[in-house]
Structure formats: C-alpha cells, structure tokens
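Below is start-v9.cif, holding mmCIF, C-alpha atoms and all ligand atoms.
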```cif
data_input
loop_
_atom_site.label_atom_id
_atom_site.label_comp_id
_atom_site.auth_asym_id
_atom_site.auth_seq_id
_atom_site.Cartn_x
_atom_site.Cartn_y
_atom_site.Cartn_z
CA MET T 59 116.60 77.78 121.63
CA GLN T 60 118.02 74.27 121.48
CA LEU T 61 115.41 71.76 120.29
CA GLU T 62 115.99 68.40 121.96
CA ASP T 63 115.98 65.20 119.93
CA GLY T 64 112.80 63.16 120.10
CA PHE T 65 109.08 63.66 119.64
CA HIS T 66 107.50 66.99 120.61
CA ASP T 67 103.80 67.42 121.29
CA VAL T 68 101.97 69.87 119.07
CA PRO T 69 98.90 71.30 120.82
CA ALA T 70 95.47 70.30 119.46
CA GLY T 71 94.25 72.84 116.94
CA LYS T 72 97.75 73.66 115.75
CA LEU T 73 99.68 72.71 112.63
CA ALA T 74 103.36 71.84 112.64
CA THR T 75 105.34 72.03 109.42
CA VAL T 76 108.95 71.57 108.45
CA VAL T 77 110.15 74.58 106.47
CA THR T 78 113.12 74.36 104.09
CA TRP T 79 114.92 77.54 103.02
CA LEU T 80 116.67 77.48 99.67
CA GLU T 81 118.78 79.89 97.65
CA MET T 82 120.76 80.31 94.44
CA ARG T 83 123.62 82.75 94.02
CA ALA T 84 124.04 82.73 90.23
CA VAL T 85 121.88 82.26 87.16
CA PRO T 86 121.21 78.51 86.92
CA ALA T 87 121.51 76.29 83.86
CA PRO T 88 118.37 76.68 81.75
CA ARG T 89 115.65 74.01 81.92
CA PRO T 90 113.34 73.83 78.94
CA ALA T 91 109.60 74.09 79.51
CA PRO T 92 107.14 72.41 77.15
CA ASP T 93 105.58 74.81 74.61
CA ARG T 94 102.56 76.37 76.29
CA ASP T 95 101.09 79.02 73.98
CA ASP T 96 98.03 78.98 76.19
CA LEU T 97 99.92 80.59 79.09
CA SER T 98 100.88 84.20 79.65
CA LEU T 99 102.12 86.32 82.52
CA ARG T 100 100.57 89.60 83.60
CA ARG T 101 102.12 92.05 86.10
CA VAL T 102 99.46 93.28 88.50
CA GLU T 103 100.40 96.78 89.64
CA THR T 104 98.96 97.79 93.01
CA PRO T 105 96.93 94.59 93.45
CA GLY T 106 93.55 94.88 95.11
CA ILE T 107 93.34 92.87 98.33
CA GLU T 108 90.21 91.03 97.27
CA TRP T 109 91.66 90.05 93.88
CA TYR T 110 94.93 88.99 95.51
CA ARG T 111 93.26 86.84 98.13
CA THR T 112 91.04 85.21 95.50
CA VAL T 113 94.07 84.10 93.47
CA PHE T 114 96.00 83.17 96.62
CA ARG T 115 93.09 80.93 97.69
CA ARG T 116 92.70 79.46 94.20
CA VAL T 117 96.35 78.42 94.12
CA GLY T 118 97.13 77.54 97.69
CA ALA T 119 94.21 77.28 100.05
CA GLU T 120 92.12 74.29 99.06
CA ASP T 121 94.95 71.76 98.72
CA TRP T 122 97.98 73.23 100.48
CA LEU T 123 96.59 75.24 103.41
CA TRP T 124 98.26 78.50 102.46
CA PHE T 125 97.03 80.85 105.14
CA SER T 126 99.62 83.55 105.88
CA ARG T 127 98.10 86.17 103.59
CA LEU T 128 94.55 85.35 104.73
CA VAL T 129 95.11 85.79 108.45
CA MET T 130 97.08 89.03 108.07
CA PRO T 131 95.17 92.29 108.61
CA GLU T 132 94.25 93.90 105.27
CA ALA T 133 96.22 97.07 106.01
CA ALA T 134 99.40 95.09 106.72
CA LEU T 135 98.94 93.07 103.53
CA ALA T 136 98.41 96.27 101.51
CA VAL T 137 101.67 97.70 102.87
CA ILE T 138 103.54 94.68 101.47
CA LEU T 139 101.72 94.37 98.16
CA HIS T 140 101.86 98.09 97.39
CA ASP T 141 105.53 98.48 98.23
CA PRO T 142 107.44 99.39 95.04
CA GLY T 143 109.91 96.60 95.85
CA VAL T 144 107.23 93.90 95.68
CA GLU T 145 106.08 92.60 92.29
CA VAL T 146 102.96 90.49 91.84
CA TYR T 147 102.30 88.56 88.65
CA ALA T 148 99.36 86.42 87.61
CA LEU T 149 99.66 83.38 85.38
CA ARG T 150 96.88 83.68 82.79
CA HIS T 151 95.21 80.60 81.36
CA GLY T 152 91.80 80.29 79.72
CA GLY T 153 90.98 83.91 80.46
CA GLU T 154 91.59 83.49 84.18
CA ASP T 155 94.31 84.22 86.71
CA THR T 156 95.33 80.66 87.56
CA GLY T 157 98.76 81.09 89.07
CA LEU T 158 100.60 83.42 91.37
CA LEU T 159 104.18 84.66 91.23
CA GLU T 160 105.31 87.14 93.86
CA LEU T 161 108.83 88.55 93.94
CA ASP T 162 110.14 90.65 96.80
CA PHE T 163 113.08 92.93 95.99
CA ARG T 164 112.90 94.98 99.19
CA GLU T 165 116.31 93.79 100.37
CA ASP T 166 119.20 95.28 98.37
CA GLY T 167 120.90 92.75 96.11
CA ALA T 168 118.40 89.98 96.79
CA CYS T 169 115.07 88.67 95.60
CA GLU T 170 112.73 86.45 97.55
CA LEU T 171 110.29 84.25 95.68
CA THR T 172 107.57 84.79 98.25
CA PHE T 173 104.70 82.98 96.58
CA PHE T 174 104.79 80.62 93.63
CA GLY T 175 102.11 78.23 92.49
CA ILE T 176 99.51 77.25 89.94
CA SER T 177 95.97 76.02 90.42
CA SER T 178 95.47 72.28 90.72
CA GLU T 179 94.07 71.63 87.22
CA LEU T 180 97.33 72.92 85.68
CA ILE T 181 99.75 70.93 87.84
CA GLY T 182 102.04 68.38 86.21
CA ALA T 183 101.78 69.58 82.62
CA GLY T 184 104.64 72.04 82.29
CA ALA T 185 103.00 75.21 83.61
CA GLY T 186 105.13 75.20 86.76
CA ARG T 187 108.37 75.01 84.78
CA TRP T 188 107.07 77.69 82.40
CA LEU T 189 106.31 79.98 85.35
CA MET T 190 109.65 79.26 87.05
CA ASN T 191 111.47 80.24 83.86
CA ARG T 192 109.63 83.59 83.92
CA ALA T 193 110.50 84.02 87.61
CA LEU T 194 114.19 83.36 86.94
CA GLU T 195 114.24 85.77 83.98
CA ILE T 196 112.67 88.59 85.99
CA ALA T 197 114.69 88.05 89.17
CA TRP T 198 118.08 87.76 87.46
CA SER T 199 117.39 90.73 85.15
CA ARG T 200 117.84 92.88 88.28
CA PRO T 201 121.07 93.63 90.14
CA ILE T 202 120.84 90.71 92.58
CA THR T 203 123.36 88.19 93.83
CA ARG T 204 120.90 85.99 95.72
CA PHE T 205 117.49 84.52 94.82
CA HIS T 206 115.83 82.67 97.68
CA LEU T 207 112.61 81.10 98.94
CA HIS T 208 111.16 78.75 101.49
CA THR T 209 108.77 75.86 101.12
CA CYS T 210 107.09 73.72 103.74
CA THR T 211 105.66 70.25 104.17
CA LEU T 212 102.12 71.53 103.60
CA ASP T 213 103.06 72.46 100.02
CA HIS T 214 102.78 70.14 97.02
CA PRO T 215 105.00 67.11 97.77
CA ALA T 216 106.93 67.66 94.53
CA ALA T 217 107.63 71.35 95.24
CA LEU T 218 110.92 70.90 97.10
CA ASP T 219 112.47 68.72 94.38
CA PHE T 220 111.08 71.04 91.72
CA TYR T 221 112.92 73.96 93.35
CA ARG T 222 116.14 71.96 93.69
CA ARG T 223 115.96 70.99 90.00
CA SER T 224 115.42 74.69 89.29
CA GLY T 225 118.85 75.45 90.78
CA PHE T 226 118.03 76.28 94.41
CA THR T 227 120.10 74.70 97.20
CA ALA T 228 118.71 73.99 100.66
CA ILE T 229 120.46 76.05 103.34
CA ARG T 230 118.28 75.96 106.44
CA ARG T 231 115.45 73.98 108.07
CA GLN T 232 112.88 75.17 110.63
CA VAL T 233 109.73 73.95 112.30
CA GLU T 234 106.72 76.28 112.13
CA ILE T 235 103.78 76.00 114.51
CA ALA T 236 100.56 77.83 113.66
CA ASP T 237 96.83 77.75 114.30
CA ASP T 238 95.10 75.39 111.90
CA PRO T 239 93.33 77.89 109.59
CA ARG T 240 90.44 75.43 109.15
CA LEU T 241 89.66 75.86 112.84
CA THR T 242 89.97 79.63 112.94
CA GLY T 243 87.46 80.10 110.12
CA HIS T 244 90.02 81.37 107.61
CA LEU T 245 89.75 78.25 105.46
CA ASP T 246 87.02 75.73 104.76
CA ALA T 247 87.21 72.69 107.06
CA ARG T 248 87.21 70.42 103.97
CA SER T 249 90.47 71.93 102.66
CA ALA T 250 93.60 69.77 102.38
CA GLN T 251 92.05 66.53 103.61
CA GLN T 252 95.45 64.82 103.41
CA ILE T 253 96.30 66.76 106.58
CA PRO T 254 93.90 65.68 109.34
CA ILE T 255 92.44 68.26 111.67
CA ILE T 256 93.29 67.49 115.31
CA ARG T 257 90.85 69.22 117.66
C1 LIG Q 301 105.33 73.20 92.64
C2 LIG Q 301 104.62 73.39 91.31
C3 LIG Q 301 104.76 74.82 90.87
C4 LIG Q 301 105.26 72.51 90.25
O1 LIG Q 301 104.56 72.70 89.04
P1 LIG Q 301 104.16 71.52 88.04
O2 LIG Q 301 103.18 72.03 87.06
O3 LIG Q 301 103.79 70.30 88.78
O4 LIG Q 301 105.53 71.25 87.34
P2 LIG Q 301 105.78 70.97 85.78
O5 LIG Q 301 104.82 69.96 85.29
O6 LIG Q 301 105.84 72.24 85.03
O7 LIG Q 301 107.27 70.49 85.84
C5 LIG Q 301 107.70 69.26 86.29
C6 LIG Q 301 108.64 68.68 85.25
O8 LIG Q 301 107.90 67.94 84.29
C7 LIG Q 301 108.19 68.42 82.98
N1 LIG Q 301 107.00 68.33 82.16
C8 LIG Q 301 105.73 68.53 82.56
N2 LIG Q 301 104.90 68.34 81.51
C9 LIG Q 301 105.68 68.05 80.45
C10 LIG Q 301 105.41 67.76 79.08
N3 LIG Q 301 104.18 67.73 78.60
N4 LIG Q 301 106.46 67.54 78.27
C11 LIG Q 301 107.71 67.57 78.74
N5 LIG Q 301 108.04 67.82 80.04
C12 LIG Q 301 107.02 68.06 80.86
C13 LIG Q 301 108.61 69.86 83.20
O9 LIG Q 301 109.37 70.35 82.10
C14 LIG Q 301 109.42 69.73 84.46
O10 LIG Q 301 110.68 69.20 84.21
P3 LIG Q 301 111.98 69.58 85.09
O11 LIG Q 301 111.48 69.90 86.48
O12 LIG Q 301 112.82 68.36 85.03
O13 LIG Q 301 112.59 70.77 84.45
C15 LIG Q 301 103.13 73.01 91.41
O14 LIG Q 301 103.03 71.70 91.88
C16 LIG Q 301 102.29 73.90 92.30
O15 LIG Q 301 101.99 75.06 91.98
N6 LIG Q 301 101.84 73.35 93.45
C17 LIG Q 301 100.89 74.01 94.34
C18 LIG Q 301 101.46 75.19 95.05
C19 LIG Q 301 102.76 74.86 95.72
O16 LIG Q 301 102.89 73.89 96.45
N7 LIG Q 301 103.73 75.73 95.46
C20 LIG Q 301 105.03 75.65 96.08
C21 LIG Q 301 104.95 76.36 97.36
S1 LIG Q 301 106.43 77.04 97.92
#
```
Please lay out the structure from this file as structure tokens.
Amino acid sequence: MQLEDGFHDVPAGKLATVVTWLEMRAVPAPRPAPDRDDLSLRRVETPGIEWYRTVFRRVGAEDWLWFSRLVMPEAALAVILHDPGVEVYALRHGGEDTGLLELDFREDGACELTFFGISSELIGAGAGRWLMNRALEIAWSRPITRFHLHTCTLDHPAALDFYRRSGFTAIRRQVEIADDPRLTGHLDARSAQQIPIIR
C-alpha cells in the first residue's frame, strides 16, 4: 500500500509508532563496557510464562509500553519461548533478574535480537553496553551472516543511536498502529506518561 505524504489520523485509543529495522552482516568493532562485576548473565531454559512476563514488564512496560508479549495468548507465547531456536537470557543484578536478552535463531543463518533492555534504575551506567557485548558474543558464535532487530519510537530515546553505535545499520522504516495497552487493561494507565493517552 502506498502511504500518501501528509498527516494521517490515528483513531482514538490507538498508538502509532515509527519502527526502524536494523542489521549487521559481520562482527562489529568491539566497544568497551565499563567494568561491572555486579552484573552476570543467566540463560533461562524453557522460561515459565509468568516469570517471563514479570521480567518483560520490569524492563519494558512501565516506561516504554512494551505490550506484544503481554497481549499474546499464553499458548502462542509458550510456542515461541520453548522453541529450541529461541534463547532467553536474564541480566542478573543484586540478586534479581533486571534485564532481558532474547535471541531468535529460528531462521537459518540469521539471529534476531527480539528483546533487549534493562530496568530503569540500571540505565545509563554501562549495563546496556555490557549486555550488548554479551549479545554480540553469543549471536556471532553461531553460524550466522546476519544479526538484526527493530526498535520503535516508544522505546528509550537513546536506543536507536545505541544500536547504531553497536554496529547495526538502519535498513527499513515502518509505521505500526496498535491498541493502546493502557486502555485494554494490559498495562497500568499510569505507564509511560510521556506518551499521552488519547481516548
Ligand atoms: C537501550 C538501552 C539498553 C541502553 O542502555 P544504557 O544502560 O543506557 O547504555 P550504557 O550506559 O551501557 O551505554 C551508553 C554508553 O555510555 C557508556 N558508559 C555508560 N556508563 C559509563 C561509565 N561509567 N564509564 C564509561 N562509559 C560509560 C557506555 O560504555 C556506552 O558507550 P558507547 O555506546 O559509546 O559504547 C537502555 O536504555 C534500555 O534498556 N532502555 C529500555 C528498554 C529499551 O528501550 N530497549 C530498546 C528496545 S529495542
């Protein structure tokens, strides 16, 4: 469908986001992360849905309106998370799971960074770079030629530049329309107050 230039109405109760798709096709130049002995990464084999959604909410719901894995039926989510090609990792800090790294190897020769983020109290102090370095090590240790992801304008405003500094190049842009999850009951109405609710 051809989208005409100009302003387009978004129905009340809906969100509209600009999604940027990025990829890298070779191992990027290393970027040092500050020493963070207080961080570790744990692979979570066969993640429980309740655990997964708790960490997903902790990282993405309150500030960034992550909703895709909350609105999906549990059985459909379990099919993804329990697929042998999907790897879920938790960033551990202070005895808690405070970050999420999800890598999807279901397509031959490729890896998608499907979810990546840390909880708000860790942001801006090197934990993101530390986690990205782990993601790059794991992804490129496999027989892939492409590592890719998408990010949207609901995400942390520094995320897109962070990914570009990490070695990803933007290749595609889309607009996504979706129900506002604060109006469907999937997220608290006080979440992400920087994005007004339009009823
Ligand atoms: C996107 C996100 C992962 C970035 O993480 P972050 O913690 O803000 O990033 P960091 O502080 O680790 O890194 C930023 C830079 O500051 C540097 N830095 C941070 N603290 C530092 C310190 N104490 N000493 C030296 N350098 C430091 C990092 O090395 C990094 O440098 P580089 O990017 O030039 O290599 C994080 O904002 C996040 O999880 N947001 C919420 C979820 C989200 O939006 N995810 C993306 C969705 S697709």
Neighbourhood of ligand LIG 301 (chain Q) at 7 Å, counting all atoms listed in the file, reported as a PDB file with C-alpha atoms, in the coordinates of the input:
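Here's the written file out09.pdb:
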```
ATOM      1  CA  ARG T  89     115.650  74.010  81.920  1.00  0.00           C
ATOM      2  CA  PRO T  90     113.340  73.830  78.940  1.00  0.00           C
ATOM      3  CA  ALA T  91     109.600  74.090  79.510  1.00  0.00           C
ATOM      4  CA  PRO T  92     107.140  72.410  77.150  1.00  0.00           C
ATOM      5  CA  VAL T 117      96.350  78.420  94.120  1.00  0.00           C
ATOM      6  CA  GLY T 118      97.130  77.540  97.690  1.00  0.00           C
ATOM      7  CA  TRP T 122      97.980  73.230 100.480  1.00  0.00           C
ATOM      8  CA  PHE T 173     104.700  82.980  96.580  1.00  0.00           C
ATOM      9  CA  PHE T 174     104.790  80.620  93.630  1.00  0.00           C
ATOM     10  CA  GLY T 175     102.110  78.230  92.490  1.00  0.00           C
ATOM     11  CA  ILE T 176      99.510  77.250  89.940  1.00  0.00           C
ATOM     12  CA  SER T 177      95.970  76.020  90.420  1.00  0.00           C
ATOM     13  CA  SER T 178      95.470  72.280  90.720  1.00  0.00           C
ATOM     14  CA  LEU T 180      97.330  72.920  85.680  1.00  0.00           C
ATOM     15  CA  ILE T 181      99.750  70.930  87.840  1.00  0.00           C
ATOM     16  CA  GLY T 182     102.040  68.380  86.210  1.00  0.00           C
ATOM     17  CA  ALA T 183     101.780  69.580  82.620  1.00  0.00           C
ATOM     18  CA  GLY T 184     104.640  72.040  82.290  1.00  0.00           C
ATOM     19  CA  ALA T 185     103.000  75.210  83.610  1.00  0.00           C
ATOM     20  CA  GLY T 186     105.130  75.200  86.760  1.00  0.00           C
ATOM     21  CA  ARG T 187     108.370  75.010  84.780  1.00  0.00           C
ATOM     22  CA  TRP T 188     107.070  77.690  82.400  1.00  0.00           C
ATOM     23  CA  HIS T 208     111.160  78.750 101.490  1.00  0.00           C
ATOM     24  CA  THR T 209     108.770  75.860 101.120  1.00  0.00           C
ATOM     25  CA  CYS T 210     107.090  73.720 103.740  1.00  0.00           C
ATOM     26  CA  ASP T 213     103.060  72.460 100.020  1.00  0.00           C
ATOM     27  CA  HIS T 214     102.780  70.140  97.020  1.00  0.00           C
ATOM     28  CA  ALA T 216     106.930  67.660  94.530  1.00  0.00           C
ATOM     29  CA  ALA T 217     107.630  71.350  95.240  1.00  0.00           C
ATOM     30  CA  PHE T 220     111.080  71.040  91.720  1.00  0.00           C
ATOM     31  CA  ARG T 223     115.960  70.990  90.000  1.00  0.00           C
ATOM     32  CA  SER T 224     115.420  74.690  89.290  1.00  0.00           C
TER      33      SER T 224
END
```
Expressed in Å to a single decimal, how great is the separation between atom CA of T:Ile229 and atom CA of T:Leu61?
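Value for the atom CA of T:Ile229-atom CA of T:Leu61 distance: 18.2 Å.
Picture a line from atom CA of T:Arg127 to atom CA of T:Gln232; it runs 19.7 Å.
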Report, in Å with one decimal, the straight-line distance from atom CA of T:Gly225 to atom CA of T:Pro142.
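For atom CA of T:Gly225 relative to atom CA of T:Pro142, the distance reads 26.9 Å.
Taking all atoms listed in the file into account, T:Leu245 lies nearest to T:Phe125 out of the set T:Phe125, T:Phe163, T:Trp198, T:Tyr147.
Shortest separation to T:Arg248 among T:Asp96, T:Asp121, T:Glu108, T:Glu154 occurs at residue T:Asp121, atoms counted being only C-alpha atoms.
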Compare T:Asp93, T:Pro201, T:Arg100, T:Thr172 by their minimum atom-to-atom distance to T:Asp155, counting all atoms listed in the file, and give me the closest one.
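Of T:Asp93, T:Pro201, T:Arg100, T:Thr172, the one nearest T:Asp155 is T:Arg100, counting all atoms listed in the file.
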Between T:Thr227, T:Glu120, T:Asp246, T:Arg257, which is the closest to T:Pro86 once you count only C-alpha atoms?
T:Thr227
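With all atoms listed in the file as the basis for measurement, T:Leu73 is the residue among T:Leu189, T:Phe65, T:Thr211, T:Leu73 that approaches T:Arg240 most closely.
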Of the candidates T:Val233, T:Ala133, T:Leu194, T:Ala87, which one gets nearest to T:Leu159 if we count only C-alpha atoms?
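Closest to T:Leu159 of all the choices is T:Leu194.
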